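A.B. asks: Submitted below is the structure of interest, expressed as structure tokens.
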Amino acid sequence: MNPVIKIILQRLALGLLTLFIVSIVIFAAVNMLPGDFAEAILGQGATPEAVAAIRRDLGLDQDPVTRYLQWLAGALQGDLGNSFAQANFASFVGDDSGVRTTVAQQIAPRFANTMFLAGVTAAIAVPFAVTLGVLAALYRNSVFDKVANISTLTSISSPEFFLAYVLILFLAVLNPLLPSLSNIYADMGFAERLQKTLLPALTLTLVVTAHMMRMTRAAIINLLASPYIEMARLKGIKPMRVIVHHALPNALAPIINVIALNLAYLITGVVVVEVVFVYPGIGQLFVDSVKIRDIPVVQACCLIFAAAYILLNLTADILSILSNPRLRHPK
Amino acid sequence: MTRISRRGLLTTGAAAGVLAASGLPLRAQAKRGGRLRAALSGANTSDSWDARTHSDLFMIASAQGSVFDNLTEVGADGTLKGELATSWEASPDAKTWTFNLRQGVTFHNGKAFGADDVIASLQMHVAEGAKSAAKPIIESIVEMKKITDHQVQFTLEAGNADFPYLLSDYHLLMYPAGQIEEAIAKGIGTGLYKVQSFEPGVRMVATRVDSHYKDGDAGFFDEIEYIAVNDNTARMNALLTGQVDAINRIDLKTEALLKANPMVRIQEVSCNQQYTFPMLTNVAPFDDVNVRRALKFAINRQEMVDKILLGHGRVGNDTPIGPANQYFAADMEQNSYDPDKAKFYLKEAGLSSLDIDLSASSAAFEGAVDAAQLYQASAKSAGININVVQEPADGYWSNVWLKKPFCACYWSGRATEDWMFSSAYEEGVPWNDTQWGREDSERFQDLLVEARAELDPAKRREMYTEMQQILRTDGGVVLPMFANYVQAVSNKIANPEKVGNLWQMDNARMAERWWTA
């Protein structure tokens with residue numbers, strides 16, 4: 001078998017195991033939080049009878065192990081169940097057959113929105129960070145290098161909501177260029193959707209650029225001491241060409257790894273940004289669901305987050321193998 | 001225009017039609033057209049057009065406030081007027097109520113509105129398995145009878161003078177009979193606005209119907225758009241950047257920033273939303289009325305209003321009846337901070353000092369822990385040592401409230417005195433957070449039942465005033481403050497001088513009552 005395919009299969013199997021472990025950890029963690037769905041949803045109106053009725057309706061009165069196994073049995077057949085909020089809503093109305101949506105139906109549009117935001121951000125951040133990294137390596141220790149380093153490090157060190165508010169202040173309040181509300185809808189045109197997504201995407205760009213840019217810079221500078229670069233320089237090739245054609249291809253593996261990690265972050269780490277900009281993505285849904293202890297939705301969100309990390313890391317490894325002839329053709 | 005009191009309307013219900021027809025002079029300047037965009041909190045992904053599940057502003061403003069109608073409506077000035085009912089009449093014992101319905105009204109799908117719709121819509125709340133919050137109201141109706149197509153008669157279990165008032169509750173919307181499921185799925189009502197699109201927890205868009213029985217009186221926008229924004233700062237940003245024209249519940253700490261903006265005005269109404277410290281009157285030492293009195297004089301109410309509400313509220317007087325109530329006893333003697341009096345009552349209770357725990361959490365109300373600490377400081381000089389116990393916000397209502405003998409709590413208040421008292425001060429009701437019962441005051445419980453069936457407004461005022469007196473001096477609740485509804489509106493939108501105070505955003509009816517400036 002082709003070694004690359006073998007690696008992919010191995011890693012996918014390990015990934016499934018990881019997902020399984022993640023689901024146990026999340027289930028246990030949500031159960032350990034004080035309060036449960038019934039208490040959270042009833043709030044001040046929680047009488048012992050009402051709490052008991054909701055627990056009975058949702059099966060929350062069974063012991064956690066049984067509930068987990070039931071969920072697992074469903075999940076293995078591709079059924080992630082119904083969210084507690086939806087199920088409770090149906091019983092509230094006294095009609096169990098109605099318009100109830102499954103967790104998968106609930107998450108799908110939100111996930112698509114999150115992927116759109118991640119896509120827009122990646123389209124801005126990755127070229128920007130890599131170019132900045134290359135330039136910083138080229139003009140290393142110059143004023144440009146220092147300014148680039150300091151500003152990206154400042155932005156990565158600031159909390160996301162702070163960056164978001166700074167951008168809102170400058171781009172929405174003082175100069176009304178972009179909307180501060182990123183509420184996108186299903187029937188919205190691409191241009192309008194893009195315009196509404198730009199501000200959160202810029203915020204996320206500020207958050208992820210530093211990491212990618214510094215890795216690019218470090219990986220290239222690392223190679224600049226190698227004999228073959230020396231040779232290229234002695235041949236009289238221009239510094240820019242040395243870096244782009246000779247150093248960069250060999251520095252790709254670590255850069256790709258960092259990019260993949262940051263892309264995973266764009267899917268899993270958008271919670272705060274989505275809340276600040278009221279972006280209807282999976283992060284907001286996740287926060288709302290944790291608040292009311294809606295375990296099926298929390299589980300599904302976490303599995304998506306975990307799967308994103310696993311798949312993107314896998315992709316990164318594969319790409320670094322493909323970008324390195326020595327790994328591509330092992331003896 | 002002659003002023004008609006709410007009670008006047010109750011007994012001589014025919015006047016309601018006159019009121020509705022006369023219109024309000026303030027609206028004369030209102031003009032049709034434009035679009036209202038509001039960012040509102042209280043939205044959820046499980047929201048739907050089923051009024052039985054409504055509990056927060058977003059859906060109340062969308063359903064009752066624009067797409068659906070009730071039988072009766074509370075005006076911005078607190079008077080009751082007919083919505084889908086034109087008039088009503090009670091039997092002398094307030095047990096039998098006859099409602100005349102408006103003729104020529106159609107639902108958004110073209111179906112004509114009539115008596116069958118009323119009965120079917122109310123019966124939804126007592127359907128098998130339904131857990132409607134309005135169930136107790138409908139359960140008190142023994143019989144609903146269709147007399148003609150436009151007349152319905154209700155027979156109640158016991159006399160209730162507030163019955164027409166209760167029918168204005170935001171759960172009790174009118175749906176088309178036989179098509180209720182479809183109406184819930186699509187949002188088909190008789191309201192001024194017809195649903196264009198609705199994404200639960202995201203937004204609602206509705207357009208004005210062509211002709212409506214409220215034409216000229218209400219419903220001035222061509223289109224309304226409500227956007228779900230639960231985050232305080234995001235709502236404020238949306239208003240400041242002109243993406244929306246109105247927001248509810250502004251963050252009091254940033255009020256000054258909003259005020260400084262010439263394009264925006266703050267709307268503030270005094271209301272029944274109350275922050276309280278209930279004590280369990282069946283647990284020592286709170287079973288001693290003198291201990292309760294000592295605690296009432298050991299709290300500095302004005303300081304709480306100034307520091308916790310930043311001035312956006314009014315001091316409470318240890319009764320849950322507030323400025324939005326008809327029989328609010330505003331001129332009753334005020335309980336105020338007086339350490340000497342507190343010491344005196346402590347002595348009466350046979351104590352020289354008192355050590356108690358006070359449980360608080362931000363779940364009770366914003367700033368509850370700070371409020372408890374202020375209480376601790378003011379009580380110290382009266383010889384009362386309050387130990388503030390900070391409880392986790394999760395599960396606060398299940399594990400602390402009604403369980404710990406002294407804690408922090410909030411109530412949004414109720415539109416009528418009877419509704420408030422029978423929710424939390426009637427012996428044995430589940431939310432009686434002071435365990436207030438006959439043992440504490442026979443008189444209070446007797447008055448509660450008596451006042452409910454009394455149709456004479458003067459007598460009711462007397463009874464409700466006495467009940468407030470009893471709670472003020474002997475009751476188990478320390479109620480230091482009423483918190484105002486504070487919201488903000490862009491200058492592109494105009495509103496009548498009087499804004500409703502039963503709910504945020506002009507009783508959630510801004511789509512009906514406001515207009516483009």
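Just so we're on the same page: first chain in the structure tokens is A, next is B, and so on; residues restart at 1 for each chain, and ligands are numbered from 1 in the order they show up.
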Among range 15-121 of chain A, which residues does DSSP mark as helix (DSSP H, G or I) when it is run on the backbone? Keep the chain and numbering as in the structure and answer as a ChimeraX atom specification.
C.D. replies: /A:15-32,37-45,48-58,64-76,84-93,103-121
A.B. asks: Take the selection from the previous step and output its residues with C-alpha atoms, as an mmCIF file, in the first residue's frame.
C.D. replies:
data_model
loop_
_atom_site.group_PDB
_atom_site.id
_atom_site.type_symbol
_atom_site.label_atom_id
_atom_site.label_comp_id
_atom_site.auth_asym_id
_atom_site.auth_seq_id
_atom_site.Cartn_x
_atom_site.Cartn_y
_atom_site.Cartn_z
ATOM 1 C CA GLY A 15 -9.026 10.229 15.106
ATOM 2 C CA LEU A 16 -12.170 8.190 15.696
ATOM 3 C CA LEU A 17 -10.732 6.958 18.968
ATOM 4 C CA THR A 18 -9.984 10.555 19.938
ATOM 5 C CA LEU A 19 -13.553 11.589 19.121
ATOM 6 C CA PHE A 20 -14.840 8.777 21.300
ATOM 7 C CA ILE A 21 -12.682 9.904 24.214
ATOM 8 C CA VAL A 22 -13.675 13.544 23.654
ATOM 9 C CA SER A 23 -17.352 12.603 23.786
ATOM 10 C CA ILE A 24 -16.849 10.860 27.145
ATOM 11 C CA VAL A 25 -14.911 13.782 28.584
ATOM 12 C CA ILE A 26 -17.480 16.337 27.422
ATOM 13 C CA PHE A 27 -20.399 14.298 28.663
ATOM 14 C CA ALA A 28 -18.768 13.894 32.061
ATOM 15 C CA ALA A 29 -17.785 17.571 32.225
ATOM 16 C CA VAL A 30 -21.265 18.872 31.403
ATOM 17 C CA ASN A 31 -22.748 16.504 33.960
ATOM 18 C CA MET A 32 -20.324 17.738 36.594
ATOM 19 C CA PHE A 37 -31.190 21.503 31.776
ATOM 20 C CA ALA A 38 -34.422 21.406 33.775
ATOM 21 C CA GLU A 39 -33.152 23.830 36.407
ATOM 22 C CA ALA A 40 -31.494 26.094 33.860
ATOM 23 C CA ILE A 41 -34.512 26.404 31.592
ATOM 24 C CA LEU A 42 -37.049 26.884 34.390
ATOM 25 C CA GLY A 43 -34.936 29.443 36.245
ATOM 26 C CA GLN A 44 -37.000 31.199 38.878
ATOM 27 C CA GLY A 45 -40.050 29.172 37.871
ATOM 28 C CA PRO A 48 -39.793 20.509 42.234
ATOM 29 C CA GLU A 49 -42.707 19.050 40.216
ATOM 30 C CA ALA A 50 -41.830 20.979 37.053
ATOM 31 C CA VAL A 51 -38.147 20.026 37.340
ATOM 32 C CA ALA A 52 -39.093 16.389 37.841
ATOM 33 C CA ALA A 53 -41.512 16.468 34.888
ATOM 34 C CA ILE A 54 -38.895 17.843 32.500
ATOM 35 C CA ARG A 55 -36.278 15.373 33.735
ATOM 36 C CA ARG A 56 -38.709 12.538 33.180
ATOM 37 C CA ASP A 57 -39.667 13.757 29.701
ATOM 38 C CA LEU A 58 -36.040 14.025 28.620
ATOM 39 C CA PRO A 64 -25.448 9.203 33.418
ATOM 40 C CA VAL A 65 -23.863 5.971 32.162
ATOM 41 C CA THR A 66 -27.156 4.744 30.685
ATOM 42 C CA ARG A 67 -27.769 8.143 29.096
ATOM 43 C CA TYR A 68 -24.284 8.187 27.603
ATOM 44 C CA LEU A 69 -24.664 4.703 26.147
ATOM 45 C CA GLN A 70 -28.032 5.646 24.635
ATOM 46 C CA TRP A 71 -26.495 8.720 23.074
ATOM 47 C CA LEU A 72 -23.515 6.692 21.805
ATOM 48 C CA ALA A 73 -25.777 4.061 20.249
ATOM 49 C CA GLY A 74 -27.627 6.791 18.393
ATOM 50 C CA ALA A 75 -24.454 8.638 17.395
ATOM 51 C CA LEU A 76 -22.902 5.473 15.941
ATOM 52 C CA PHE A 84 -33.229 19.239 24.976
ATOM 53 C CA ALA A 85 -34.555 22.705 24.218
ATOM 54 C CA GLN A 86 -36.440 21.402 21.175
ATOM 55 C CA ALA A 87 -37.652 18.255 22.898
ATOM 56 C CA ASN A 88 -38.809 20.200 25.939
ATOM 57 C CA PHE A 89 -40.481 22.729 23.680
ATOM 58 C CA ALA A 90 -42.449 19.951 21.977
ATOM 59 C CA SER A 91 -43.669 18.543 25.270
ATOM 60 C CA PHE A 92 -44.446 22.081 26.462
ATOM 61 C CA VAL A 93 -46.844 22.474 23.571
ATOM 62 C CA VAL A 103 -29.453 18.465 16.359
ATOM 63 C CA ALA A 104 -27.971 17.900 12.928
ATOM 64 C CA GLN A 105 -30.606 20.086 11.245
ATOM 65 C CA GLN A 106 -30.097 22.731 13.896
ATOM 66 C CA ILE A 107 -26.324 22.822 13.588
ATOM 67 C CA ALA A 108 -25.994 22.556 9.808
ATOM 68 C CA PRO A 109 -26.803 26.193 8.885
ATOM 69 C CA ARG A 110 -24.805 27.511 11.839
ATOM 70 C CA PHE A 111 -21.836 25.384 10.870
ATOM 71 C CA ALA A 112 -22.043 26.615 7.289
ATOM 72 C CA ASN A 113 -21.930 30.196 8.594
ATOM 73 C CA THR A 114 -18.911 29.458 10.753
ATOM 74 C CA MET A 115 -17.131 27.831 7.808
ATOM 75 C CA PHE A 116 -17.905 30.914 5.711
ATOM 76 C CA LEU A 117 -16.346 33.172 8.342
ATOM 77 C CA ALA A 118 -13.338 30.852 8.646
ATOM 78 C CA GLY A 119 -13.001 30.814 4.855
ATOM 79 C CA VAL A 120 -13.080 34.591 4.521
ATOM 80 C CA THR A 121 -10.598 34.959 7.368
#
A.B. asks: Which residues in range 171-250 of chain B does DSSP call strand (DSSP E or B)? List them as an MDAnalysis selection string.
C.D. replies: chainID B and resid 193:199 203:208 223:228 246:247
A.B. asks: Atoms to include: C-alpha atoms. Write the selected residues as a PDB file, in the first residue's frame.
C.D. replies:
ATOM      1  CA  TYR B 193     -48.165  43.201  10.702  1.00  0.00           C
ATOM      2  CA  LYS B 194     -47.951  40.075   8.608  1.00  0.00           C
ATOM      3  CA  VAL B 195     -44.909  37.797   8.906  1.00  0.00           C
ATOM      4  CA  GLN B 196     -42.492  37.926   5.976  1.00  0.00           C
ATOM      5  CA  SER B 197     -39.658  35.897   7.418  1.00  0.00           C
ATOM      6  CA  PHE B 198     -38.845  34.457  10.807  1.00  0.00           C
ATOM      7  CA  GLU B 199     -35.613  32.749  11.837  1.00  0.00           C
ATOM      8  CA  ARG B 203     -34.598  37.818  13.243  1.00  0.00           C
ATOM      9  CA  MET B 204     -38.221  38.533  12.340  1.00  0.00           C
ATOM     10  CA  VAL B 205     -39.463  40.669   9.442  1.00  0.00           C
ATOM     11  CA  ALA B 206     -43.113  41.657   9.005  1.00  0.00           C
ATOM     12  CA  THR B 207     -45.020  44.041   6.732  1.00  0.00           C
ATOM     13  CA  ARG B 208     -48.082  46.164   7.471  1.00  0.00           C
ATOM     14  CA  GLU B 223     -42.236  47.199   7.617  1.00  0.00           C
ATOM     15  CA  ILE B 224     -40.629  46.109  10.874  1.00  0.00           C
ATOM     16  CA  GLU B 225     -37.463  44.132  11.431  1.00  0.00           C
ATOM     17  CA  TYR B 226     -36.564  42.723  14.862  1.00  0.00           C
ATOM     18  CA  ILE B 227     -33.008  41.453  15.187  1.00  0.00           C
ATOM     19  CA  ALA B 228     -32.079  39.099  18.008  1.00  0.00           C
ATOM     20  CA  ALA B 246     -34.216  51.097  18.836  1.00  0.00           C
ATOM     21  CA  ILE B 247     -32.725  48.814  21.480  1.00  0.00           C
TER      22      ILE B 247
END
A.B. asks: I'd like the contact shell of Ala112 in chain B - 12 Å cut-off, only C-alpha atoms, skipping same-chain residues fewer than 2 positions apart - returned as number ranges by chain.
C.D. replies: B: 101-110, 114-118, 149-150, 174-177, 189-190
A.B. asks: In Å, how far is it from CA of Val486 in chain B to CA of Glu83 in chain B?
C.D. replies: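 Calculated distance between CA of Val486 in chain B and CA of Glu83 in chain B is 27.0 Å.
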A.B. asks: I'd like a table as CSV: residues in chain B with an atom no more than 9 Å from chain A, each row giving the shortest atom pair and its distance in Å to one decimal, only C-alpha atoms counted, sorted by chain and rising residue number.
C.D. replies:
residue,atom,partner,partner_atom,distance
B:Asn44,CA,A:Asp288,CA,8.5
B:Thr45,CA,A:Leu285,CA,8.3
B:Ser46,CA,A:Gln86,CA,6.1
B:Asp47,CA,A:Phe89,CA,8.9
B:Asp50,CA,A:Val93,CA,7.8
B:Arg52,CA,A:Val93,CA,7.1
B:Thr53,CA,A:Phe92,CA,7.3
B:Met124,CA,A:Val93,CA,8.7
B:His125,CA,A:Val93,CA,8.7
B:Ala127,CA,A:Gly94,CA,7.1
B:Glu128,CA,A:Gly94,CA,6.2
B:Gly129,CA,A:Gly94,CA,4.4
B:Ala130,CA,A:Gly94,CA,4.3
B:Lys131,CA,A:Phe92,CA,4.9
B:Ser132,CA,A:Phe92,CA,7.1
B:Glu181,CA,A:Gly98,CA,8.7
B:Ala185,CA,A:Val99,CA,7.9
B:Glu199,CA,A:Tyr185,CA,8.4
B:Gly201,CA,A:Pro280,CA,8.9
B:Val202,CA,A:Pro280,CA,7.2
B:Arg203,CA,A:Asn183,CA,8.6
B:Ile227,CA,A:Asn183,CA,8.1
B:Ala228,CA,A:Val278,CA,8.3
B:Val229,CA,A:Val278,CA,6.4
B:Asn230,CA,A:Val278,CA,8.2
B:Asp231,CA,A:Val275,CA,7.0
B:Thr233,CA,A:Val276,CA,7.6
B:Ala234,CA,A:Val276,CA,6.0
B:Arg235,CA,A:Leu181,CA,8.5
B:Asn237,CA,A:Ser180,CA,6.5
B:Ala238,CA,A:Leu181,CA,6.1
B:Leu240,CA,A:Val173,CA,6.8
B:Thr241,CA,A:Val173,CA,5.5
B:Gly242,CA,A:Pro179,CA,8.9
B:Gln243,CA,A:Pro179,CA,7.2
B:Ala364,CA,A:Gln44,CA,8.8
B:Pro392,CA,A:Pro34,CA,8.4
B:Asp394,CA,A:Gly35,CA,5.7
B:Gly395,CA,A:Gly35,CA,4.7
B:Tyr396,CA,A:Gly43,CA,7.9
B:Trp397,CA,A:Gln44,CA,4.9
B:Ser398,CA,A:Ala46,CA,6.1
B:Asn399,CA,A:Gly35,CA,8.9
B:Trp401,CA,A:Gln44,CA,8.0
B:Cys409,CA,A:Gln44,CA,8.9
B:Tyr410,CA,A:Gln44,CA,8.9
B:Pro430,CA,A:Thr47,CA,6.8
B:Trp431,CA,A:Gly45,CA,7.7
A.B. asks: Generate the output file for the selected residues, C-alpha atoms, as a PDB file, in the first residue's frame.
C.D. replies:
ATOM      1  CA  ASN B  44     -33.712  31.928  21.676  1.00  0.00           C
ATOM      2  CA  THR B  45     -33.223  29.303  18.965  1.00  0.00           C
ATOM      3  CA  SER B  46     -36.268  27.425  20.257  1.00  0.00           C
ATOM      4  CA  ASP B  47     -38.556  30.465  19.759  1.00  0.00           C
ATOM      5  CA  ASP B  50     -46.705  29.409  19.977  1.00  0.00           C
ATOM      6  CA  ARG B  52     -47.791  29.311  25.277  1.00  0.00           C
ATOM      7  CA  THR B  53     -43.992  29.245  25.260  1.00  0.00           C
ATOM      8  CA  MET B 124     -54.969  25.564  23.724  1.00  0.00           C
ATOM      9  CA  HIS B 125     -53.667  26.441  27.177  1.00  0.00           C
ATOM     10  CA  ALA B 127     -54.849  21.011  26.193  1.00  0.00           C
ATOM     11  CA  GLU B 128     -53.559  17.595  27.239  1.00  0.00           C
ATOM     12  CA  GLY B 129     -49.881  17.881  28.110  1.00  0.00           C
ATOM     13  CA  ALA B 130     -49.577  21.603  27.406  1.00  0.00           C
ATOM     14  CA  LYS B 131     -47.553  23.459  30.039  1.00  0.00           C
ATOM     15  CA  SER B 132     -48.734  26.983  29.351  1.00  0.00           C
ATOM     16  CA  GLU B 181     -51.057  24.358  13.918  1.00  0.00           C
ATOM     17  CA  ALA B 185     -45.909  27.302  12.067  1.00  0.00           C
ATOM     18  CA  GLU B 199     -35.613  32.749  11.837  1.00  0.00           C
ATOM     19  CA  GLY B 201     -33.144  33.339  17.566  1.00  0.00           C
ATOM     20  CA  VAL B 202     -31.945  35.420  14.586  1.00  0.00           C
ATOM     21  CA  ARG B 203     -34.598  37.818  13.243  1.00  0.00           C
ATOM     22  CA  ILE B 227     -33.008  41.453  15.187  1.00  0.00           C
ATOM     23  CA  ALA B 228     -32.079  39.099  18.008  1.00  0.00           C
ATOM     24  CA  VAL B 229     -29.105  40.578  19.871  1.00  0.00           C
ATOM     25  CA  ASN B 230     -28.704  39.186  23.356  1.00  0.00           C
ATOM     26  CA  ASP B 231     -25.340  40.885  23.974  1.00  0.00           C
ATOM     27  CA  THR B 233     -22.622  45.912  23.941  1.00  0.00           C
ATOM     28  CA  ALA B 234     -23.566  44.625  20.506  1.00  0.00           C
ATOM     29  CA  ARG B 235     -27.028  46.163  20.864  1.00  0.00           C
ATOM     30  CA  ASN B 237     -23.049  49.382  18.881  1.00  0.00           C
ATOM     31  CA  ALA B 238     -25.859  48.576  16.490  1.00  0.00           C
ATOM     32  CA  LEU B 240     -24.752  53.950  17.584  1.00  0.00           C
ATOM     33  CA  THR B 241     -23.758  52.856  14.087  1.00  0.00           C
ATOM     34  CA  GLY B 242     -27.299  53.396  12.842  1.00  0.00           C
ATOM     35  CA  GLN B 243     -27.941  49.773  11.935  1.00  0.00           C
ATOM     36  CA  ALA B 364     -30.848  37.020  41.346  1.00  0.00           C
ATOM     37  CA  PRO B 392     -23.117  30.044  42.357  1.00  0.00           C
ATOM     38  CA  ASP B 394     -26.061  28.014  38.205  1.00  0.00           C
ATOM     39  CA  GLY B 395     -28.996  26.410  39.899  1.00  0.00           C
ATOM     40  CA  TYR B 396     -29.572  29.488  42.087  1.00  0.00           C
ATOM     41  CA  TRP B 397     -33.348  29.338  41.652  1.00  0.00           C
ATOM     42  CA  SER B 398     -33.473  25.621  42.460  1.00  0.00           C
ATOM     43  CA  ASN B 399     -30.981  25.413  45.291  1.00  0.00           C
ATOM     44  CA  TRP B 401     -34.277  30.644  46.375  1.00  0.00           C
ATOM     45  CA  CYS B 409     -34.337  37.663  44.395  1.00  0.00           C
ATOM     46  CA  TYR B 410     -36.121  39.589  41.631  1.00  0.00           C
ATOM     47  CA  PRO B 430     -45.420  27.400  45.042  1.00  0.00           C
ATOM     48  CA  TRP B 431     -43.620  30.730  44.560  1.00  0.00           C
TER      49      TRP B 431
END
A.B. asks: Find the distance between CA of Gln29 in chain B and CA of Thr79 in chain B and write it in Å to one decimal.
C.D. replies: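 That distance, rounded to one decimal, is 21.9 Å.
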A.B. asks: Rank nothing, just name the residue among B:Ser359, B:Thr281, B:Ser381, B:Gln376 nearest to Glu427 in chain B, using only C-alpha atoms.
C.D. replies: B:Thr281
A.B. asks: Applying 8 Å and only C-alpha atoms, which residues near range 223-237 of chain A remain after dropping the ones on its own chain fewer than 5 positions away? List them as number ranges by chain.
C.D. replies: A: 242, 246-247, 250-251
A.B. asks: Excluding Gly476 in chain B and any residue of its chain fewer than 2 positions from it, enumerate the residues within 12 Å of it, using only C-alpha atoms, and give them as a VMD selection string.
C.D. replies: chain B and resid 276 to 283 285 to 296 318 to 320 405 to 407 424 to 425 432 to 437 440 to 441 470 to 474 478 to 479
A.B. asks: Which residue gives the smallest distance to Ser378 in chain B among B:Leu447, B:Ala363, B:Met236, B:Ile299, with only C-alpha atoms counted?
C.D. replies: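 That would be B:Ile299, the residue with the smallest distance to Ser378 in chain B.
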A.B. asks: Write out as an MDAnalysis selection string each polymer residue whose atoms come within 9 Å of Ala451 in chain B, counting only C-alpha atoms; drop sequence neighbours fewer than 4 positions from it.
C.D. replies: chainID B and resid 160:161 418 446:447 455 459:461 463:464
A.B. asks: Report, in Å to a single decimal, how far apart CA of Leu310 in chain B and CA of Leu252 in chain B are.
C.D. replies: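 A separation of 7.1 Å between them.
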A.B. asks: Mind checking which residues fall within 12 Å of Ser157 in chain A, counting only C-alpha atoms, ignoring those fewer than 5 positions away in the same chain, and posting them as a JSON list (two decimals) with C-alpha atoms, in the first residue's frame?
C.D. replies:
[["chain", "number", "residue", "atom", "x", "y", "z"],
["A", 149, "ASN", "CA", 6.83, 41.71, 14.98],
["A", 150, "ILE", "CA", 5.72, 44.16, 17.62],
["A", 151, "SER", "CA", 2.38, 44.90, 16.03],
["A", 152, "THR", "CA", 1.45, 41.28, 15.35],
["A", 162, "PHE", "CA", -10.86, 44.05, 22.85],
["A", 163, "LEU", "CA", -9.59, 43.83, 19.25],
["A", 206, "LEU", "CA", -5.42, 40.04, 13.77],
["A", 207, "VAL", "CA", -5.61, 37.15, 16.18],
["A", 208, "VAL", "CA", -4.07, 34.47, 13.97],
["A", 209, "THR", "CA", -1.54, 36.45, 11.90],
["A", 210, "ALA", "CA", 1.25, 36.68, 14.47],
["A", 211, "HIS", "CA", 1.64, 32.96, 14.89]]
